[in-house]
>>> print(open('target10.pdb').read())   # PDB, C-alpha atoms and all ligand atoms
MODEL        1
ATOM      1  CA  MET I   1     -12.528  70.815 -27.425
ATOM      2  CA  ASN I   2     -15.593  72.996 -28.009
ATOM      3  CA  GLY I   3     -18.573  71.015 -29.384
ATOM      4  CA  ILE I   4     -17.037  67.531 -28.960
ATOM      5  CA  SER I   5     -17.722  66.830 -25.298
ATOM      6  CA  ASP I   6     -20.905  64.768 -24.674
ATOM      7  CA  GLY I   7     -21.353  64.229 -28.432
ATOM      8  CA  VAL I   8     -21.544  60.835 -30.123
ATOM      9  CA  ALA I   9     -18.795  60.012 -32.646
ATOM     10  CA  VAL I  10     -18.803  57.058 -35.068
ATOM     11  CA  VAL I  11     -15.327  56.075 -36.327
ATOM     12  CA  THR I  12     -14.764  53.470 -39.073
ATOM     13  CA  GLY I  13     -11.425  51.738 -39.507
ATOM     14  CA  ALA I  14     -11.095  52.104 -35.719
ATOM     15  CA  ALA I  15      -9.158  48.868 -35.125
ATOM     16  CA  GLY I  16      -5.774  50.541 -35.599
ATOM     17  CA  GLY I  17      -3.751  53.350 -37.137
ATOM     18  CA  ILE I  18      -5.442  56.685 -37.798
ATOM     19  CA  GLY I  19      -8.925  55.401 -36.862
ATOM     20  CA  ARG I  20      -7.839  54.156 -33.431
ATOM     21  CA  ALA I  21      -5.953  57.406 -32.725
ATOM     22  CA  ALA I  22      -9.058  59.426 -33.677
ATOM     23  CA  ALA I  23     -11.385  57.217 -31.590
ATOM     24  CA  GLU I  24      -9.087  57.711 -28.593
ATOM     25  CA  ARG I  25      -8.862  61.468 -29.139
ATOM     26  CA  PHE I  26     -12.669  61.850 -29.491
ATOM     27  CA  ALA I  27     -13.058  59.953 -26.203
ATOM     28  CA  GLU I  28     -10.366  62.056 -24.480
ATOM     29  CA  GLU I  29     -12.301  65.160 -25.489
ATOM     30  CA  GLY I  30     -15.427  63.729 -23.814
ATOM     31  CA  ALA I  31     -17.322  62.179 -26.759
ATOM     32  CA  ARG I  32     -18.948  58.743 -26.568
ATOM     33  CA  VAL I  33     -17.364  56.708 -29.345
ATOM     34  CA  VAL I  34     -18.742  53.975 -31.595
ATOM     35  CA  ALA I  35     -15.711  52.123 -32.986
ATOM     36  CA  ALA I  36     -16.383  50.207 -36.223
ATOM     37  CA  ASP I  37     -14.135  47.895 -38.255
ATOM     38  CA  VAL I  38     -14.107  44.474 -39.965
ATOM     39  CA  ASP I  39     -11.409  43.534 -37.450
ATOM     40  CA  GLY I  40     -13.509  42.606 -34.391
ATOM     41  CA  ASP I  41     -10.518  41.895 -32.101
ATOM     42  CA  GLY I  42      -8.891  45.183 -33.100
ATOM     43  CA  ILE I  43     -11.917  47.298 -32.154
ATOM     44  CA  GLU I  44     -12.179  45.470 -28.811
ATOM     45  CA  GLU I  45      -8.558  46.539 -28.137
ATOM     46  CA  THR I  46      -9.480  50.129 -29.061
ATOM     47  CA  ILE I  47     -12.404  50.006 -26.609
ATOM     48  CA  ASP I  48     -10.115  48.637 -23.863
ATOM     49  CA  GLU I  49      -7.656  51.501 -24.421
ATOM     50  CA  ILE I  50     -10.452  54.095 -24.308
ATOM     51  CA  GLU I  51     -12.066  52.617 -21.206
ATOM     52  CA  SER I  52      -8.789  52.265 -19.336
ATOM     53  CA  ALA I  53      -8.190  55.977 -19.974
ATOM     54  CA  GLY I  54     -11.628  56.745 -18.449
ATOM     55  CA  GLY I  55     -13.564  57.198 -21.731
ATOM     56  CA  GLU I  56     -16.790  55.673 -22.998
ATOM     57  CA  ALA I  57     -16.982  53.593 -26.185
ATOM     58  CA  THR I  58     -18.671  50.645 -27.822
ATOM     59  CA  ALA I  59     -17.500  48.348 -30.644
ATOM     60  CA  VAL I  60     -19.601  47.390 -33.668
ATOM     61  CA  GLU I  61     -18.092  44.932 -36.160
ATOM     62  CA  THR I  62     -18.857  46.485 -39.551
ATOM     63  CA  ASP I  63     -18.004  45.936 -43.202
ATOM     64  CA  VAL I  64     -18.257  49.351 -44.888
ATOM     65  CA  THR I  65     -18.741  47.709 -48.303
ATOM     66  CA  ASP I  66     -22.020  46.140 -47.143
ATOM     67  CA  GLU I  67     -25.087  48.417 -47.107
ATOM     68  CA  GLY I  68     -26.877  46.335 -44.432
ATOM     69  CA  SER I  69     -23.803  46.302 -42.205
ATOM     70  CA  VAL I  70     -23.447  50.104 -42.391
ATOM     71  CA  ALA I  71     -27.178  50.596 -41.668
ATOM     72  CA  ALA I  72     -26.805  48.269 -38.656
ATOM     73  CA  LEU I  73     -23.817  50.349 -37.446
ATOM     74  CA  ILE I  74     -25.815  53.585 -37.353
ATOM     75  CA  GLU I  75     -28.751  51.774 -35.724
ATOM     76  CA  ALA I  76     -26.427  50.339 -33.069
ATOM     77  CA  ALA I  77     -24.958  53.808 -32.437
ATOM     78  CA  GLU I  78     -28.464  55.242 -31.991
ATOM     79  CA  GLU I  79     -29.414  52.419 -29.614
ATOM     80  CA  SER I  80     -26.265  52.853 -27.521
ATOM     81  CA  TYR I  81     -25.925  56.628 -27.349
ATOM     82  CA  GLY I  82     -28.435  58.360 -29.681
ATOM     83  CA  VAL I  83     -28.106  59.835 -33.193
ATOM     84  CA  PRO I  84     -24.405  60.415 -34.009
ATOM     85  CA  ASP I  85     -23.317  64.079 -33.912
ATOM     86  CA  MET I  86     -19.994  63.261 -35.574
ATOM     87  CA  ALA I  87     -18.649  60.638 -37.955
ATOM     88  CA  PHE I  88     -15.156  59.848 -39.184
ATOM     89  CA  ASN I  89     -15.386  57.685 -42.327
ATOM     90  CA  ASN I  90     -11.853  56.380 -42.361
ATOM     91  CA  ALA I  91     -11.767  52.641 -43.212
ATOM     92  CA  GLY I  92      -9.520  52.023 -46.189
ATOM     93  CA  ILE I  93      -7.135  49.686 -47.974
ATOM     94  CA  GLU I  94      -4.086  50.444 -50.112
ATOM     95  CA  GLY I  95      -4.752  47.794 -52.792
ATOM     96  CA  ASP I  96      -2.201  46.412 -55.194
ATOM     97  CA  HIS I  97       0.888  48.465 -56.090
ATOM     98  CA  ALA I  98       1.167  47.268 -59.716
ATOM     99  CA  PRO I  99       1.379  49.875 -62.527
ATOM    100  CA  LEU I 100      -2.036  50.852 -63.925
ATOM    101  CA  ALA I 101      -1.904  48.643 -67.044
ATOM    102  CA  GLU I 102      -1.074  45.616 -64.873
ATOM    103  CA  GLN I 103      -3.874  46.055 -62.320
ATOM    104  CA  SER I 104      -6.488  43.298 -62.039
ATOM    105  CA  ILE I 105     -10.227  43.974 -62.152
ATOM    106  CA  GLU I 106     -10.516  42.213 -58.766
ATOM    107  CA  ASP I 107      -8.126  44.648 -57.093
ATOM    108  CA  TRP I 108      -9.758  47.649 -58.781
ATOM    109  CA  ASP I 109     -13.235  46.524 -57.596
ATOM    110  CA  ARG I 110     -12.087  45.812 -54.031
ATOM    111  CA  THR I 111     -10.195  49.113 -53.636
ATOM    112  CA  ILE I 112     -13.110  51.162 -54.980
ATOM    113  CA  ALA I 113     -15.576  49.136 -52.868
ATOM    114  CA  VAL I 114     -13.809  49.810 -49.558
ATOM    115  CA  ASN I 115     -12.387  53.302 -50.095
ATOM    116  CA  GLN I 116     -15.094  54.967 -52.180
ATOM    117  CA  THR I 117     -18.350  52.973 -52.026
ATOM    118  CA  GLY I 118     -17.692  52.444 -48.305
ATOM    119  CA  VAL I 119     -17.522  56.201 -47.707
ATOM    120  CA  TRP I 120     -20.673  56.745 -49.790
ATOM    121  CA  LEU I 121     -22.625  54.064 -47.860
ATOM    122  CA  CYS I 122     -21.574  55.632 -44.556
ATOM    123  CA  LEU I 123     -22.480  59.125 -45.805
ATOM    124  CA  LYS I 124     -25.932  57.897 -46.924
ATOM    125  CA  GLU I 125     -26.822  56.689 -43.426
ATOM    126  CA  GLU I 126     -25.117  59.503 -41.529
ATOM    127  CA  LEU I 127     -26.470  62.377 -43.637
ATOM    128  CA  ALA I 128     -30.042  61.089 -43.368
ATOM    129  CA  ALA I 129     -29.804  60.597 -39.588
ATOM    130  CA  MET I 130     -28.028  63.911 -38.931
ATOM    131  CA  ALA I 131     -30.304  65.962 -41.213
ATOM    132  CA  ASP I 132     -33.358  64.559 -39.361
ATOM    133  CA  ASP I 133     -31.702  65.400 -36.070
ATOM    134  CA  GLY I 134     -30.873  69.043 -36.877
ATOM    135  CA  GLY I 135     -27.260  68.676 -38.077
ATOM    136  CA  GLY I 136     -23.865  67.094 -37.533
ATOM    137  CA  ARG I 137     -20.196  66.993 -38.572
ATOM    138  CA  ILE I 138     -18.542  64.425 -40.830
ATOM    139  CA  VAL I 139     -14.907  63.913 -41.836
ATOM    140  CA  ASN I 140     -13.881  61.483 -44.599
ATOM    141  CA  THR I 141     -10.348  60.119 -44.966
ATOM    142  CA  ALA I 142      -9.029  60.931 -48.416
ATOM    143  CA  SER I 143      -5.245  61.247 -48.895
ATOM    144  CA  ILE I 144      -2.693  63.304 -50.777
ATOM    145  CA  ALA I 145      -3.535  60.553 -53.316
ATOM    146  CA  GLY I 146      -6.922  62.293 -53.583
ATOM    147  CA  LEU I 147      -5.153  65.367 -54.984
ATOM    148  CA  ALA I 148      -2.176  64.006 -56.927
ATOM    149  CA  ALA I 149      -0.732  60.800 -58.407
ATOM    150  CA  ALA I 150       0.702  59.791 -55.022
ATOM    151  CA  GLY I 151       0.040  56.032 -55.075
ATOM    152  CA  PRO I 152      -1.307  53.094 -57.091
ATOM    153  CA  GLY I 153      -4.022  53.814 -59.717
ATOM    154  CA  PRO I 154      -7.104  52.311 -58.020
ATOM    155  CA  TYR I 155      -6.109  53.899 -54.682
ATOM    156  CA  VAL I 156      -5.588  57.337 -56.288
ATOM    157  CA  ALA I 157      -8.909  57.056 -58.160
ATOM    158  CA  SER I 158     -10.772  56.013 -55.000
ATOM    159  CA  LYS I 159      -9.325  58.878 -52.943
ATOM    160  CA  HIS I 160     -10.126  61.470 -55.651
ATOM    161  CA  GLY I 161     -13.655  60.023 -55.413
ATOM    162  CA  VAL I 162     -13.720  60.598 -51.650
ATOM    163  CA  ILE I 163     -12.936  64.303 -52.159
ATOM    164  CA  GLY I 164     -15.726  64.519 -54.763
ATOM    165  CA  LEU I 165     -18.205  62.881 -52.399
ATOM    166  CA  THR I 166     -17.111  65.211 -49.594
ATOM    167  CA  ARG I 167     -17.791  68.272 -51.758
ATOM    168  CA  VAL I 168     -21.213  67.030 -52.905
ATOM    169  CA  ALA I 169     -22.251  66.085 -49.355
ATOM    170  CA  ALA I 170     -21.132  69.496 -48.043
ATOM    171  CA  ALA I 171     -22.987  71.335 -50.813
ATOM    172  CA  GLN I 172     -26.212  69.332 -50.474
ATOM    173  CA  TYR I 173     -26.390  69.032 -46.669
ATOM    174  CA  GLY I 174     -24.981  72.369 -45.497
ATOM    175  CA  PRO I 175     -28.513  73.801 -45.470
ATOM    176  CA  GLU I 176     -29.490  70.901 -43.152
ATOM    177  CA  GLY I 177     -26.783  71.886 -40.682
ATOM    178  CA  VAL I 178     -24.287  69.149 -41.614
ATOM    179  CA  ARG I 179     -20.636  70.116 -42.218
ATOM    180  CA  VAL I 180     -18.598  67.612 -44.263
ATOM    181  CA  ASN I 181     -14.828  67.804 -44.729
ATOM    182  CA  ALA I 182     -11.980  65.482 -45.713
ATOM    183  CA  VAL I 183      -8.482  64.924 -44.376
ATOM    184  CA  CYS I 184      -5.681  64.261 -46.862
ATOM    185  CA  PRO I 185      -2.834  62.630 -44.927
ATOM    186  CA  GLY I 186       0.628  62.184 -46.399
ATOM    187  CA  VAL I 187       2.757  59.268 -45.181
ATOM    188  CA  ILE I 188       1.570  58.335 -41.674
ATOM    189  CA  ASN I 189       3.183  55.699 -39.469
ATOM    190  CA  THR I 190       0.576  52.887 -39.517
ATOM    191  CA  GLU I 191       0.298  49.227 -40.541
ATOM    192  CA  MET I 192      -0.819  50.382 -44.008
ATOM    193  CA  VAL I 193       2.482  52.174 -44.566
ATOM    194  CA  ALA I 194       4.452  49.240 -43.133
ATOM    195  CA  ARG I 195       2.750  46.984 -45.714
ATOM    196  CA  SER I 196       3.367  49.477 -48.537
ATOM    197  CA  ALA I 197       7.020  49.875 -47.520
ATOM    198  CA  GLU I 198       7.488  46.114 -47.983
ATOM    199  CA  GLU I 199       6.172  46.447 -51.550
ATOM    200  CA  MET I 200       7.936  49.703 -52.420
ATOM    201  CA  GLY I 201      11.330  49.230 -50.754
ATOM    202  CA  GLU I 202      13.633  52.263 -51.119
ATOM    203  CA  GLN I 203      10.966  54.161 -53.068
ATOM    204  CA  MET I 204       8.997  54.607 -49.825
ATOM    205  CA  GLN I 205      11.985  56.157 -48.017
ATOM    206  CA  ALA I 206      12.492  58.547 -50.949
ATOM    207  CA  PHE I 207       8.822  59.507 -50.672
ATOM    208  CA  ILE I 208       9.240  60.265 -46.960
ATOM    209  CA  ASP I 209      12.539  62.151 -47.414
ATOM    210  CA  ALA I 210      10.988  64.317 -50.160
ATOM    211  CA  LYS I 211       8.734  66.085 -47.676
ATOM    212  CA  PRO I 212       9.832  69.386 -46.162
ATOM    213  CA  LEU I 213       9.492  67.977 -42.633
ATOM    214  CA  GLY I 214      11.481  64.878 -43.699
ATOM    215  CA  ARG I 215       9.655  62.366 -41.512
ATOM    216  CA  MET I 216       6.491  60.302 -41.384
ATOM    217  CA  GLY I 217       3.484  61.749 -39.606
ATOM    218  CA  GLN I 218       1.993  60.057 -36.556
ATOM    219  CA  PRO I 219      -1.670  58.919 -36.450
ATOM    220  CA  GLU I 220      -2.281  61.347 -33.561
ATOM    221  CA  GLU I 221      -1.310  64.275 -35.838
ATOM    222  CA  VAL I 222      -4.173  63.340 -38.188
ATOM    223  CA  ALA I 223      -6.537  62.640 -35.273
ATOM    224  CA  SER I 224      -6.116  66.151 -33.867
ATOM    225  CA  ALA I 225      -7.104  67.667 -37.242
ATOM    226  CA  VAL I 226     -10.145  65.370 -37.470
ATOM    227  CA  VAL I 227     -11.361  66.346 -34.022
ATOM    228  CA  TRP I 228     -10.750  70.041 -34.793
ATOM    229  CA  LEU I 229     -12.819  69.762 -38.011
ATOM    230  CA  CYS I 230     -15.655  68.253 -35.927
ATOM    231  CA  SER I 231     -15.417  70.958 -33.273
ATOM    232  CA  ASP I 232     -17.182  74.316 -33.090
ATOM    233  CA  ASP I 233     -13.774  75.921 -33.677
ATOM    234  CA  ALA I 234     -14.223  74.865 -37.339
ATOM    235  CA  SER I 235     -17.834  76.063 -37.505
ATOM    236  CA  PHE I 236     -17.420  77.819 -40.913
ATOM    237  CA  VAL I 237     -15.338  75.072 -42.552
ATOM    238  CA  THR I 238     -17.117  72.690 -44.924
ATOM    239  CA  GLY I 239     -16.353  70.926 -48.220
ATOM    240  CA  HIS I 240     -12.624  71.283 -47.508
ATOM    241  CA  PRO I 241      -9.873  68.697 -48.195
ATOM    242  CA  LEU I 242      -7.388  69.424 -45.383
ATOM    243  CA  VAL I 243      -3.832  68.362 -46.246
ATOM    244  CA  ILE I 244      -1.783  66.915 -43.346
ATOM    245  CA  ASP I 245       1.414  65.806 -45.045
ATOM    246  CA  GLY I 246       4.483  67.465 -43.534
ATOM    247  CA  GLY I 247       4.560  69.739 -46.567
ATOM    248  CA  TYR I 248       4.814  67.050 -49.276
ATOM    249  CA  MET I 249       2.249  68.811 -51.493
ATOM    250  CA  ALA I 250       4.065  72.127 -51.083
TER     251      ALA I 250
HETATM  252  P1  LIG N   1      -4.691  50.742 -41.218
HETATM  253  O1  LIG N   1      -4.538  49.600 -42.157
HETATM  254  O2  LIG N   1      -4.003  50.716 -39.916
HETATM  255  O3  LIG N   1      -6.254  51.003 -40.920
HETATM  256  C1  LIG N   1      -7.276  50.770 -41.835
HETATM  257  C2  LIG N   1      -8.429  50.097 -41.107
HETATM  258  O4  LIG N   1      -9.532  49.928 -41.999
HETATM  259  C3  LIG N   1      -8.054  48.693 -40.593
HETATM  260  O5  LIG N   1      -8.316  48.604 -39.204
HETATM  261  C4  LIG N   1      -8.925  47.766 -41.412
HETATM  262  O6  LIG N   1      -9.326  46.586 -40.717
HETATM  263  C5  LIG N   1     -10.115  48.665 -41.722
HETATM  264  N1  LIG N   1     -10.885  48.177 -42.869
HETATM  265  C6  LIG N   1     -10.419  47.716 -44.058
HETATM  266  N2  LIG N   1     -11.440  47.314 -44.823
HETATM  267  C7  LIG N   1     -12.583  47.537 -44.113
HETATM  268  C8  LIG N   1     -13.967  47.321 -44.373
HETATM  269  N3  LIG N   1     -14.396  46.762 -45.525
HETATM  270  N4  LIG N   1     -14.875  47.697 -43.433
HETATM  271  C9  LIG N   1     -14.458  48.219 -42.245
HETATM  272  N5  LIG N   1     -13.163  48.426 -41.937
HETATM  273  C10 LIG N   1     -12.240  48.081 -42.862
HETATM  274  O7  LIG N   1      -4.267  52.015 -42.042
HETATM  275  P2  LIG N   1      -4.342  53.588 -41.755
HETATM  276  O8  LIG N   1      -3.115  54.139 -42.315
HETATM  277  O9  LIG N   1      -4.728  53.879 -40.350
HETATM  278  O10 LIG N   1      -5.529  53.969 -42.760
HETATM  279  C11 LIG N   1      -6.687  54.692 -42.370
HETATM  280  C12 LIG N   1      -7.143  55.537 -43.542
HETATM  281  O11 LIG N   1      -6.152  56.523 -43.813
HETATM  282  C13 LIG N   1      -7.351  54.770 -44.852
HETATM  283  O12 LIG N   1      -8.511  55.265 -45.495
HETATM  284  C14 LIG N   1      -6.112  55.134 -45.653
HETATM  285  O13 LIG N   1      -6.332  55.039 -47.039
HETATM  286  C15 LIG N   1      -5.889  56.553 -45.190
HETATM  287  N6  LIG N   1      -4.544  57.093 -45.412
HETATM  288  C16 LIG N   1      -3.471  56.540 -44.793
HETATM  289  C17 LIG N   1      -2.222  57.105 -45.014
HETATM  290  C18 LIG N   1      -0.988  56.559 -44.354
HETATM  291  O14 LIG N   1       0.103  56.981 -44.741
HETATM  292  N7  LIG N   1      -1.086  55.671 -43.379
HETATM  293  C19 LIG N   1      -2.081  58.208 -45.858
HETATM  294  C20 LIG N   1      -3.204  58.743 -46.465
HETATM  295  C21 LIG N   1      -4.440  58.179 -46.225
ENDMDL
END
>>> encode(input="target10.pdb", output="structure tokens", more="lines below")
Ligand code: NAD
Amino acid sequence: MNGISDGVAVVTGAAGGIGRAAAERFAEEGARVVAADVDGDGIEETIDEIESAGGEATAVETDVTDEGSVAALIEAAEESYGVPDMAFNNAGIEGDHAPLAEQSIEDWDRTIAVNQTGVWLCLKEELAAMADDGGGRIVNTASIAGLAAAGPGPYVASKHGVIGLTRVAAAQYGPEGVRVNAVCPGVINTEMVARSAEEMGEQMQAFIDAKPLGRMGQPEEVASAVVWLCSDDASFVTGHPLVIDGGYMA
């Protein structure tokens, strides 16, 4: 895809699900990929998949809630391949499914730390590096829960926060040549949804059936939108929360 080939793409949450699918798709399109996750074994598997398909990638174990760890990720990317041209800030957790009044402070703090503070810490490093380097493209993973009450309270709050951060980053760094967008997936077939289905039981199936397309999405269907947003084909798109939900929000 135009503008992806020979670029450097950092992907967080790359040990599985949507992050792994995006890392693989970036590599297929000719980008060199830096795969980051707290799950060290998982990112090694992602690298193996990319390399066995003829792509180029490196793994950096990273905790997105830790400022030093995120700074070390961007440094490692620069050492391996140069300043990142693209970043997909995608690491996330679903948190506890309890009703709002029954949520614990520990779960609230953890969900906000990973989903919202984690995206901000990544943006901080990426925006500074890209602005110095003449520009770049960033995609953050929000959710339909960033636009509506489609999930547990802390998760919904964190994903609304991701859309807010995306808009501010796009507004402040557009003049520096950095485009920043978000993807808002609906129900996508990953480990996260398998875990949530255990908690939600029949409610999850009702959620899936309610969508016009009547099925779960696949991680690759989100990955293709992420790579498009990073490509020159989306050169006038910034600050946009792109819904990929089989029509649920319709
Ligand atoms: P997943 O659980 O397969 O992937 C999430 C990844 O994030 C895991 O590999 C996990 O190890 C990693 N991670 C968790 N905490 C981390 C941390 N502190 N630092 C670094 N990595 C960390 O789930 P997924 O469905 O692929 O989720 C990816 C993103 O998509 C998440 O942000 C999630 O909220 C979002 N999302 C998923 C769906 C869905 O239906 N699956 C829908 C909307 C949004």
>>> resolve_selection(input="target10.pdb", expression="the PyMOL selection byres (((not hetatm)) within 8 of (chain N and resi 1))", output="PyMOL selection string")
chain I and resi 12-20+36-39+42+61-66+89-94+113-115+118+141-145+155+159+184-193+216-217+219
>>> atom_distance(input="target10.pdb", atom1="CA of Glu126 in chain I", atom2="CA of Ser235 in chain I")
18.5 Å
>>> resolve_selection(input="target10.pdb", expression="the PyMOL selection byres (((chain I and resi 56) around 9) and not hetatm)", output="list in words")
Ala27, Gly30, Ala31, Arg32, Val33, Val34, Ile47, Ile50, Glu51, Gly54, Gly55, Ala57 and Thr58 of chain I
>>> resolve_selection(input="target10.pdb", expression="the PyMOL selection byres (((chain I and resi 123) around 12) and not hetatm)", output="NGL selection string")
:I and (10 or 12 or 64 or 67 or 70-71 or 74 or 86-90 or 116-122 or 124-131 or 136-140 or 162 or 165-170 or 172-173 or 178-181)
>>> closest_residue(input="target10.pdb", among="I:Glu78, I:Tyr248, I:Asp41, I:Pro84", to="Ala206 in chain I", atoms="all atoms listed in the file")
I:Tyr248
>>> axis_aligned_box(input="target10.pdb", around="range 9-28 of chain I", padding_each_side="5 Å", output="JSON")
{"center_x": -11.3, "center_y": 55.5, "center_z": -32.0, "size_x": 25.1, "size_y": 23.2, "size_z": 25.0}
>>> atom_distance(input="target10.pdb", atom1="CA of Ala157 in chain I", atom2="CA of Leu100 in chain I")
10.9 Å
>>> closest_residue(input="target10.pdb", among="I:Glu202, I:Asp48, I:Asp85, I:Glu221", to="Gly177 in chain I", atoms="all atoms listed in the file")
I:Asp85
>>> atom_distance(input="target10.pdb", atom1="CA of Ala98 in chain I", atom2="CA of Ile112 in chain I")
15.5 Å
>>> residues_near_point(input="target10.pdb", point="(-15.2, 69.5, -32.8)", cutoff="8 Å", atoms="all atoms listed in the file", output="list in words")
Met1, Asn2, Gly3, Ile4, Val227, Trp228, Leu229, Cys230, Ser231, Asp232, Asp233 and Ala234 of chain I
>>> residues_around(input="target10.pdb", residues="Arg25 in chain I", least_positions_apart="4", cutoff="7 Å", atoms="all atoms listed in the file", output="list in words")
Ala21, Glu29 and Ala223 of chain I
>>> closest_residue(input="target10.pdb", among="I:Ala76, I:Met249, I:Ala171, I:Leu147", to="Phe207 in chain I", atoms="only C-alpha atoms")
I:Met249
>>> closest_residue(input="target10.pdb", among="I:Ala72, I:Ala53, I:Ala148, I:Val156", to="Pro99 in chain I", atoms="all atoms listed in the file")
I:Val156
